[in-house]
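Everything on this sheet refers to the single structure shown next.
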Amino acid sequence: MVESTVTIHDVARHAGVSAATVSNYFNWPDKLSDRMKKRVATAVTDLGFVPSMPARQLRRQRSGIVGLSVVNASNPFFGGIATAVEQVAEDAGLSVVVGSSHESPVQQEKFLTLFEQLRFDGVVVAPSDDQLEPLRKRHDRGTPVVLVDHEDPDGRLSSVSLDHREGGRIAASHLVDSGRRRLLFAAGPEGVRQVARRLEGAREAVAERDDVRLDVVRSSDLDITVGEETGRWIAALDPPERPDAVFAGNDLHAIGLVDALVKAGIRVPEDIAVVGYDDIPFARRAAVPLTTVRQPIAEMGRAAARLLLDEIAEPGRPPRDVVYPPELVVRASAP
């Protein structure tokens, strides 16, 4: 036996109201009194009615949903961005669908194509690479697009970012000012724009110091596991060849690196000082609390969401950029 589908007219009869009132409840609730909304809500619950999303989109010309594509949702930095975006969107009556590209432009494109096909109201994107033209074209087709943790060099997309070059400069300067002379930048894979900017800043900080060396080591990722591998590689070097300071591309990499160094009997910071980047919640709770460059994660997520809401409300408005200054947070790993 096939169970019949509950319709908007069934809800209207059950609540003793018109179908138009039920439609207003879902699409324009401000038109109804609290008493009327309660009557319709009770009928919806009693009958188990689920409204059709395509039908709501046709009536409202909006889906009530925004998309969020991040590089890696398991990284607390991007998890914090997602939480902040969701909070602002929820306050505005919108839902958020999150996709994690895992640094794959192909996966990012799949998410964004799906978001566009489903007529999402707009998207916030932490790009997986510097190829922004597909995002610009979506924006030109009418989908509001806001970048987070990235800027648009062409100035066509609104963005929220940090001055990563300055972040790299203050991190390296801190290590040099504390007496370190053999610096190593644990950069992760090539092609990550933000990390490349951090390296540029670090190089600027040591450029005028003849007695300071800055080397770079690449790895497959910037997560904890690969950070441990980098730490073991450092520990296996002959002591004279080891750096006396490491600036890691992010906090996850730094935490794994510190753990491997300590397990190998290398003292942090006495033998090797370590600085991370992001100031994720785990940084202050690590076995050796981590000195790091703070990104205002929640503020960045909220700012991106507000920019998106503004573009949804006012299509065609000029793009805006929000750039936050970095802040060095000094803890035990590099006092």
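Chain labels A, B, ... are given in the sequence in which chains occur in the structure tokens; within each chain residues are numbered consecutively from 1, and ligands are likewise numbered from 1 in the order shown.
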
- Query: Do you know which residues are at most 10 Å from Pro289 of chain A counting only C-alpha atoms, after dropping those on the same chain fewer than 6 positions away, and could you put them as a list in words?
  - Reply: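 Skipping anything fewer than 6 positions along the chain leaves Ile255, Val258, Phe282, Ala283, Val330, Arg331, Ala332, Ser333 and Ala334 of chain A.
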
Would you output that residue set with all heavy atoms, as a PDB file, in the first residue's frame?
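As written to disk, result-v7.pdb reads:
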ATOM      1  N   ILE A 255      52.149  21.490  15.875  1.00  0.00           N
ATOM      2  CA  ILE A 255      51.856  20.627  17.024  1.00  0.00           C
ATOM      3  C   ILE A 255      52.426  19.224  16.795  1.00  0.00           C
ATOM      4  O   ILE A 255      53.039  18.625  17.691  1.00  0.00           O
ATOM      5  CB  ILE A 255      50.339  20.586  17.272  1.00  0.00           C
ATOM      6  CG1 ILE A 255      49.864  21.943  17.813  1.00  0.00           C
ATOM      7  CG2 ILE A 255      49.975  19.474  18.254  1.00  0.00           C
ATOM      8  CD1 ILE A 255      48.354  22.098  17.862  1.00  0.00           C
ATOM      9  N   VAL A 258      56.316  19.465  17.073  1.00  0.00           N
ATOM     10  CA  VAL A 258      56.785  19.565  18.463  1.00  0.00           C
ATOM     11  C   VAL A 258      56.711  18.218  19.158  1.00  0.00           C
ATOM     12  O   VAL A 258      57.637  17.811  19.879  1.00  0.00           O
ATOM     13  CB  VAL A 258      55.972  20.622  19.237  1.00  0.00           C
ATOM     14  CG1 VAL A 258      56.253  20.536  20.736  1.00  0.00           C
ATOM     15  CG2 VAL A 258      56.282  22.024  18.727  1.00  0.00           C
ATOM     16  N   PHE A 282      43.684  24.280  19.969  1.00  0.00           N
ATOM     17  CA  PHE A 282      44.653  23.296  20.446  1.00  0.00           C
ATOM     18  C   PHE A 282      46.020  23.925  20.717  1.00  0.00           C
ATOM     19  O   PHE A 282      46.836  23.348  21.443  1.00  0.00           O
ATOM     20  CB  PHE A 282      44.826  22.170  19.432  1.00  0.00           C
ATOM     21  CG  PHE A 282      43.581  21.381  19.176  1.00  0.00           C
ATOM     22  CD1 PHE A 282      43.203  21.059  17.882  1.00  0.00           C
ATOM     23  CD2 PHE A 282      42.771  20.966  20.218  1.00  0.00           C
ATOM     24  CE1 PHE A 282      42.045  20.329  17.630  1.00  0.00           C
ATOM     25  CE2 PHE A 282      41.613  20.242  19.984  1.00  0.00           C
ATOM     26  CZ  PHE A 282      41.254  19.927  18.687  1.00  0.00           C
ATOM     27  N   ALA A 283      46.301  25.085  20.139  1.00  0.00           N
ATOM     28  CA  ALA A 283      47.640  25.668  20.252  1.00  0.00           C
ATOM     29  C   ALA A 283      48.003  25.965  21.700  1.00  0.00           C
ATOM     30  O   ALA A 283      49.120  25.697  22.145  1.00  0.00           O
ATOM     31  CB  ALA A 283      47.735  26.942  19.409  1.00  0.00           C
ATOM     32  N   VAL A 330      52.657  34.915  22.047  1.00  0.00           N
ATOM     33  CA  VAL A 330      53.873  34.278  22.551  1.00  0.00           C
ATOM     34  C   VAL A 330      53.531  33.307  23.684  1.00  0.00           C
ATOM     35  O   VAL A 330      52.898  33.681  24.667  1.00  0.00           O
ATOM     36  CB  VAL A 330      54.890  35.336  23.048  1.00  0.00           C
ATOM     37  CG1 VAL A 330      56.143  34.663  23.606  1.00  0.00           C
ATOM     38  CG2 VAL A 330      55.247  36.284  21.905  1.00  0.00           C
ATOM     39  N   ARG A 331      53.980  32.057  23.502  1.00  0.00           N
ATOM     40  CA  ARG A 331      53.818  31.033  24.527  1.00  0.00           C
ATOM     41  C   ARG A 331      55.130  30.281  24.706  1.00  0.00           C
ATOM     42  O   ARG A 331      56.177  30.737  24.249  1.00  0.00           O
ATOM     43  CB  ARG A 331      52.665  30.081  24.147  1.00  0.00           C
ATOM     44  CG  ARG A 331      51.317  30.771  23.991  1.00  0.00           C
ATOM     45  CD  ARG A 331      50.169  29.741  23.906  1.00  0.00           C
ATOM     46  NE  ARG A 331      48.874  30.395  23.756  1.00  0.00           N
ATOM     47  CZ  ARG A 331      48.234  30.526  22.590  1.00  0.00           C
ATOM     48  NH1 ARG A 331      48.773  30.012  21.482  1.00  0.00           N
ATOM     49  NH2 ARG A 331      47.070  31.130  22.511  1.00  0.00           N
ATOM     50  N   ALA A 332      55.084  29.115  25.321  1.00  0.00           N
ATOM     51  CA  ALA A 332      56.296  28.444  25.783  1.00  0.00           C
ATOM     52  C   ALA A 332      57.177  27.891  24.658  1.00  0.00           C
ATOM     53  O   ALA A 332      58.384  27.723  24.836  1.00  0.00           O
ATOM     54  CB  ALA A 332      55.936  27.308  26.729  1.00  0.00           C
ATOM     55  N   SER A 333      56.618  27.594  23.477  1.00  0.00           N
ATOM     56  CA  SER A 333      57.413  26.959  22.430  1.00  0.00           C
ATOM     57  C   SER A 333      58.449  27.899  21.811  1.00  0.00           C
ATOM     58  O   SER A 333      59.408  27.442  21.183  1.00  0.00           O
ATOM     59  CB  SER A 333      56.514  26.382  21.329  1.00  0.00           C
ATOM     60  OG  SER A 333      55.928  27.426  20.585  1.00  0.00           O
ATOM     61  N   ALA A 334      58.254  29.194  21.972  1.00  0.00           N
ATOM     62  CA  ALA A 334      59.211  30.198  21.465  1.00  0.00           C
ATOM     63  C   ALA A 334      59.040  31.485  22.245  1.00  0.00           C
ATOM     64  O   ALA A 334      58.466  32.441  21.753  1.00  0.00           O
ATOM     65  CB  ALA A 334      59.019  30.431  19.973  1.00  0.00           C
TER      66      ALA A 334
END

- Message: I need the strand (DSSP E or B) residues of segment 86-281 of chain A per DSSP on the backbone, written as JSON, numbers by chain.
- Response: {"A": [95, 96, 97, 98, 99, 100, 122, 123, 124, 125, 145, 146, 147, 148, 158, 159, 160, 161, 162, 182, 183, 184, 185, 186, 213, 214, 215, 216, 217, 245, 246, 247, 248, 273, 274, 275, 276, 277, 278]}

- By how many Å are atom CA of Gly249 of chain A and atom CA of Ala186 of chain A apart?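 A separation of 5.8 Å between them.
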
- Item | Distance query Pro281 of chain A at most 9 Å, only C-alpha atoms, self and fewer than 3 positions along chain excluded, as a PyMOL selection string | chain A and resi 76-77+284-285

- Please provide the set of residues having any atom within 8 Å of segment 303-309 of chain A, restricted to only C-alpha atoms, with same-chain residues fewer than 6 positions apart removed, written as a PyMOL selection string. chain A and resi 84-85+88-89+122-124+144-148+158-160+320+322

Okay, now the selection with N, CA and C atoms, as a PDB file, in the first residue's frame?
ATOM      1  N   ALA A  84      31.247  30.121  12.457  1.00  0.00           N
ATOM      2  CA  ALA A  84      30.908  31.550  12.456  1.00  0.00           C
ATOM      3  C   ALA A  84      29.953  31.886  11.312  1.00  0.00           C
ATOM      4  N   VAL A  85      30.198  31.328  10.123  1.00  0.00           N
ATOM      5  CA  VAL A  85      29.300  31.563   8.990  1.00  0.00           C
ATOM      6  C   VAL A  85      27.904  31.040   9.304  1.00  0.00           C
ATOM      7  N   VAL A  88      25.914  33.432  11.728  1.00  0.00           N
ATOM      8  CA  VAL A  88      25.382  34.638  11.087  1.00  0.00           C
ATOM      9  C   VAL A  88      24.234  34.281  10.144  1.00  0.00           C
ATOM     10  N   ALA A  89      24.412  33.197   9.381  1.00  0.00           N
ATOM     11  CA  ALA A  89      23.370  32.786   8.444  1.00  0.00           C
ATOM     12  C   ALA A  89      22.094  32.395   9.192  1.00  0.00           C
ATOM     13  N   GLY A 122      23.809  32.099  -2.363  1.00  0.00           N
ATOM     14  CA  GLY A 122      25.159  32.625  -2.485  1.00  0.00           C
ATOM     15  C   GLY A 122      26.139  31.634  -1.899  1.00  0.00           C
ATOM     16  N   VAL A 123      27.435  31.910  -2.073  1.00  0.00           N
ATOM     17  CA  VAL A 123      28.457  31.000  -1.560  1.00  0.00           C
ATOM     18  C   VAL A 123      29.610  31.776  -0.947  1.00  0.00           C
ATOM     19  N   VAL A 124      30.148  31.219   0.141  1.00  0.00           N
ATOM     20  CA  VAL A 124      31.404  31.659   0.726  1.00  0.00           C
ATOM     21  C   VAL A 124      32.432  30.590   0.388  1.00  0.00           C
ATOM     22  N   PRO A 144      25.985  35.415  -5.793  1.00  0.00           N
ATOM     23  CA  PRO A 144      26.893  36.148  -4.906  1.00  0.00           C
ATOM     24  C   PRO A 144      28.006  35.236  -4.396  1.00  0.00           C
ATOM     25  N   VAL A 145      29.252  35.697  -4.490  1.00  0.00           N
ATOM     26  CA  VAL A 145      30.414  34.913  -4.083  1.00  0.00           C
ATOM     27  C   VAL A 145      31.305  35.785  -3.203  1.00  0.00           C
ATOM     28  N   VAL A 146      31.692  35.259  -2.041  1.00  0.00           N
ATOM     29  CA  VAL A 146      32.619  35.954  -1.141  1.00  0.00           C
ATOM     30  C   VAL A 146      33.765  35.004  -0.812  1.00  0.00           C
ATOM     31  N   LEU A 147      34.988  35.495  -0.928  1.00  0.00           N
ATOM     32  CA  LEU A 147      36.167  34.710  -0.581  1.00  0.00           C
ATOM     33  C   LEU A 147      36.493  34.889   0.894  1.00  0.00           C
ATOM     34  N   VAL A 148      36.999  33.823   1.517  1.00  0.00           N
ATOM     35  CA  VAL A 148      37.479  33.925   2.894  1.00  0.00           C
ATOM     36  C   VAL A 148      38.861  33.293   2.961  1.00  0.00           C
ATOM     37  N   SER A 158      34.268  40.141  -3.462  1.00  0.00           N
ATOM     38  CA  SER A 158      34.464  40.558  -2.074  1.00  0.00           C
ATOM     39  C   SER A 158      35.272  39.493  -1.345  1.00  0.00           C
ATOM     40  N   SER A 159      36.040  39.920  -0.335  1.00  0.00           N
ATOM     41  CA  SER A 159      36.916  38.964   0.333  1.00  0.00           C
ATOM     42  C   SER A 159      37.176  39.359   1.774  1.00  0.00           C
ATOM     43  N   VAL A 160      37.552  38.342   2.560  1.00  0.00           N
ATOM     44  CA  VAL A 160      38.001  38.520   3.940  1.00  0.00           C
ATOM     45  C   VAL A 160      39.315  37.764   4.065  1.00  0.00           C
ATOM     46  N   ARG A 320      33.808  44.418  -1.772  1.00  0.00           N
ATOM     47  CA  ARG A 320      34.516  45.010  -0.639  1.00  0.00           C
ATOM     48  C   ARG A 320      35.525  44.005  -0.095  1.00  0.00           C
ATOM     49  N   VAL A 322      37.909  42.983   3.314  1.00  0.00           N
ATOM     50  CA  VAL A 322      38.199  43.151   4.744  1.00  0.00           C
ATOM     51  C   VAL A 322      39.524  42.442   5.005  1.00  0.00           C
TER      52      VAL A 322
END

- Message: With distances taken over only C-alpha atoms, which residue among A:Arg242, A:Arg119, A:Arg13, A:Lys31 lies nearest Gly142 of chain A?
- Response: A:Arg119

- May I have the residues within 9 Å of segment 98-109 of chain A as a list in words, using only C-alpha atoms and disregarding those fewer than 6 positions away in the same chain? Val66, Gly67, Leu68, Ser69, Val70, Val71, Asn72, Ala73, Ser74, Ala82, Val125, Pro127, Ser128, Asp129, Gln131, Pro134 and Val192 of chain A

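For the pair atom CA of Ala43 of chain A and atom CA of His14 of chain A, the separation is 5.9 Å.
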
- So which bits of segment 85-323 of chain A end up alpha helix (DSSP H) when you DSSP the backbone, as a PyMOL selection string? chain A and resi 85-91+105-117+133-140+164-177+193-206+224-236+251-263+297-313

- Note on the structure: Taken to one decimal, the atom CA of Thr5 of chain A-atom CA of Met36 of chain A distance is 23.7 Å

- Message: I'd like the contact shell of Ser173 of chain A - 8 Å cut-off, only C-alpha atoms, skipping same-chain residues fewer than 2 positions apart - returned as number ranges by chain.
- Response: A: 169-171, 175-177, 202, 205-206

Selected residues written out, N, CA, C and O atoms, as a CSV table (one decimal), in the first residue's frame:
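Generated output (selection-v6.csv):
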chain,number,residue,atom,x,y,z
A,169,ARG,N,56.4,37.8,8.6
A,169,ARG,CA,57.5,38.7,9.0
A,169,ARG,C,57.6,38.8,10.5
A,169,ARG,O,58.7,38.7,11.1
A,170,ILE,N,56.5,38.9,11.2
A,170,ILE,CA,56.5,39.1,12.6
A,170,ILE,C,56.9,37.8,13.3
A,170,ILE,O,57.6,37.8,14.3
A,171,ALA,N,56.6,36.6,12.7
A,171,ALA,CA,57.0,35.3,13.3
A,171,ALA,C,58.5,35.2,13.2
A,171,ALA,O,59.1,34.8,14.2
A,175,LEU,N,61.6,35.2,16.2
A,175,LEU,CA,62.7,34.2,16.4
A,175,LEU,C,64.1,34.7,16.3
A,175,LEU,O,64.9,34.4,17.1
A,176,VAL,N,64.3,35.6,15.4
A,176,VAL,CA,65.6,36.3,15.2
A,176,VAL,C,65.9,37.1,16.5
A,176,VAL,O,67.0,37.1,17.0
A,177,ASP,N,64.9,37.9,16.9
A,177,ASP,CA,65.1,38.8,18.1
A,177,ASP,C,65.4,38.0,19.3
A,177,ASP,O,66.0,38.5,20.3
A,202,ALA,N,58.7,36.0,6.0
A,202,ALA,CA,59.8,35.5,6.8
A,202,ALA,C,61.1,35.8,6.1
A,202,ALA,O,62.1,36.2,6.8
A,205,ALA,N,62.1,39.3,6.7
A,205,ALA,CA,62.6,39.6,8.0
A,205,ALA,C,64.0,39.3,8.2
A,205,ALA,O,64.7,39.9,9.0
A,206,VAL,N,64.5,38.3,7.5
A,206,VAL,CA,65.9,37.8,7.6
A,206,VAL,C,66.9,38.4,6.5
A,206,VAL,O,68.1,38.1,6.6

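Compared by their closest atoms to Val262 of chain A, and using only C-alpha atoms, the residues A:Asp121, A:Glu228, A:Asp238, A:Glu204 rank with A:Glu228 nearest.
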
- Message: Which residues are close to Thr7 of chain A, i.e. within 12 Å by only C-alpha atoms, leaving aside same-chain residues fewer than 5 positions away? Reply as a PyMOL selection string.
- Response: chain A and resi 12-14+19+22-23+43-44+47-52

Could you write out that same residue set with all heavy atoms as an mmCIF file, in the first residue's frame?
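The result, written out as result31.cif:
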data_model
loop_
_atom_site.group_PDB
_atom_site.id
_atom_site.type_symbol
_atom_site.label_atom_id
_atom_site.label_comp_id
_atom_site.auth_asym_id
_atom_site.auth_seq_id
_atom_site.Cartn_x
_atom_site.Cartn_y
_atom_site.Cartn_z
ATOM 1 N N ALA A 12 -3.855 22.999 5.673
ATOM 2 C CA ALA A 12 -4.812 24.096 5.811
ATOM 3 C C ALA A 12 -6.123 23.624 6.429
ATOM 4 O O ALA A 12 -6.680 24.277 7.333
ATOM 5 C CB ALA A 12 -5.062 24.729 4.441
ATOM 6 N N ARG A 13 -6.640 22.473 5.952
ATOM 7 C CA ARG A 13 -7.886 21.938 6.517
ATOM 8 C C ARG A 13 -7.712 21.581 7.972
ATOM 9 O O ARG A 13 -8.584 21.849 8.816
ATOM 10 C CB ARG A 13 -8.341 20.725 5.706
ATOM 11 C CG ARG A 13 -8.986 21.063 4.371
ATOM 12 C CD ARG A 13 -9.671 19.842 3.773
ATOM 13 N NE ARG A 13 -8.698 18.823 3.399
ATOM 14 C CZ ARG A 13 -8.118 18.763 2.206
ATOM 15 N NH1 ARG A 13 -8.415 19.647 1.271
ATOM 16 N NH2 ARG A 13 -7.254 17.804 1.938
ATOM 17 N N HIS A 14 -6.571 20.951 8.320
ATOM 18 C CA HIS A 14 -6.321 20.532 9.697
ATOM 19 C C HIS A 14 -6.229 21.743 10.632
ATOM 20 O O HIS A 14 -6.693 21.685 11.778
ATOM 21 C CB HIS A 14 -5.022 19.728 9.750
ATOM 22 C CG HIS A 14 -4.802 19.015 11.042
ATOM 23 N ND1 HIS A 14 -5.386 17.796 11.342
ATOM 24 C CD2 HIS A 14 -4.059 19.345 12.136
ATOM 25 C CE1 HIS A 14 -5.007 17.407 12.540
ATOM 26 N NE2 HIS A 14 -4.205 18.332 13.049
ATOM 27 N N ALA A 19 -5.082 27.800 2.367
ATOM 28 C CA ALA A 19 -3.786 27.342 1.865
ATOM 29 C C ALA A 19 -2.809 28.512 1.759
ATOM 30 O O ALA A 19 -1.592 28.345 1.947
ATOM 31 C CB ALA A 19 -3.969 26.665 0.508
ATOM 32 N N VAL A 22 -1.036 28.954 5.031
ATOM 33 C CA VAL A 22 0.028 27.975 5.218
ATOM 34 C C VAL A 22 1.253 28.368 4.381
ATOM 35 O O VAL A 22 2.399 28.264 4.834
ATOM 36 C CB VAL A 22 -0.450 26.562 4.851
ATOM 37 C CG1 VAL A 22 0.686 25.550 5.031
ATOM 38 C CG2 VAL A 22 -1.645 26.160 5.711
ATOM 39 N N SER A 23 1.030 28.829 3.161
ATOM 40 C CA SER A 23 2.133 29.280 2.310
ATOM 41 C C SER A 23 2.871 30.442 2.952
ATOM 42 O O SER A 23 4.107 30.481 2.956
ATOM 43 C CB SER A 23 1.601 29.680 0.937
ATOM 44 O OG SER A 23 2.652 30.168 0.120
ATOM 45 N N ALA A 43 -0.480 22.002 13.120
ATOM 46 C CA ALA A 43 -0.978 21.156 12.031
ATOM 47 C C ALA A 43 0.176 20.509 11.266
ATOM 48 O O ALA A 43 0.101 19.326 10.897
ATOM 49 C CB ALA A 43 -1.834 21.999 11.085
ATOM 50 N N VAL A 44 1.227 21.264 11.039
ATOM 51 C CA VAL A 44 2.397 20.730 10.338
ATOM 52 C C VAL A 44 2.988 19.560 11.116
ATOM 53 O O VAL A 44 3.325 18.513 10.551
ATOM 54 C CB VAL A 44 3.458 21.839 10.133
ATOM 55 C CG1 VAL A 44 4.784 21.237 9.677
ATOM 56 C CG2 VAL A 44 2.962 22.860 9.118
ATOM 57 N N LEU A 47 0.593 16.388 11.158
ATOM 58 C CA LEU A 47 0.506 15.664 9.890
ATOM 59 C C LEU A 47 1.867 15.247 9.342
ATOM 60 O O LEU A 47 1.936 14.483 8.378
ATOM 61 C CB LEU A 47 -0.213 16.535 8.847
ATOM 62 C CG LEU A 47 -1.665 16.915 9.168
ATOM 63 C CD1 LEU A 47 -2.222 17.801 8.070
ATOM 64 C CD2 LEU A 47 -2.528 15.680 9.351
ATOM 65 N N GLY A 48 2.946 15.742 9.938
ATOM 66 C CA GLY A 48 4.277 15.415 9.446
ATOM 67 C C GLY A 48 4.550 16.009 8.078
ATOM 68 O O GLY A 48 5.223 15.390 7.239
ATOM 69 N N PHE A 49 4.032 17.204 7.843
ATOM 70 C CA PHE A 49 4.167 17.828 6.524
ATOM 71 C C PHE A 49 5.586 18.358 6.311
ATOM 72 O O PHE A 49 6.161 19.017 7.183
ATOM 73 C CB PHE A 49 3.174 18.983 6.384
ATOM 74 C CG PHE A 49 3.310 19.762 5.098
ATOM 75 C CD1 PHE A 49 2.996 19.180 3.887
ATOM 76 C CD2 PHE A 49 3.762 21.077 5.117
ATOM 77 C CE1 PHE A 49 3.111 19.895 2.705
ATOM 78 C CE2 PHE A 49 3.889 21.794 3.940
ATOM 79 C CZ PHE A 49 3.560 21.204 2.727
ATOM 80 N N VAL A 50 6.166 18.064 5.134
ATOM 81 C CA VAL A 50 7.473 18.589 4.739
ATOM 82 C C VAL A 50 7.284 19.409 3.476
ATOM 83 O O VAL A 50 6.865 18.872 2.439
ATOM 84 C CB VAL A 50 8.490 17.457 4.475
ATOM 85 C CG1 VAL A 50 9.832 18.047 4.035
ATOM 86 C CG2 VAL A 50 8.661 16.596 5.721
ATOM 87 N N PRO A 51 7.556 20.715 3.514
ATOM 88 C CA PRO A 51 7.349 21.551 2.325
ATOM 89 C C PRO A 51 8.324 21.214 1.217
ATOM 90 O O PRO A 51 9.437 20.747 1.464
ATOM 91 C CB PRO A 51 7.586 22.976 2.852
ATOM 92 C CG PRO A 51 8.481 22.803 4.026
ATOM 93 C CD PRO A 51 8.086 21.490 4.656
ATOM 94 N N SER A 52 7.903 21.425 -0.017
ATOM 95 C CA SER A 52 8.743 21.180 -1.187
ATOM 96 C C SER A 52 9.717 22.345 -1.377
ATOM 97 O O SER A 52 9.291 23.490 -1.516
ATOM 98 C CB SER A 52 7.872 21.031 -2.434
ATOM 99 O OG SER A 52 8.644 21.126 -3.598
#

- Out of A:Ser95, A:Gln87, A:Gln194, A:Thr42, which residue has the shortest atom-to-atom distance to Gly64 of chain A when counting only C-alpha atoms?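 Nearest candidate to Gly64 of chain A out of A:Ser95, A:Gln87, A:Gln194, A:Thr42: A:Ser95.
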
- Using only C-alpha atoms: which of A:Leu162, A:Ala273, A:Ala187, A:Ala207 has the shortest distance to His253 of chain A: A:Ala187
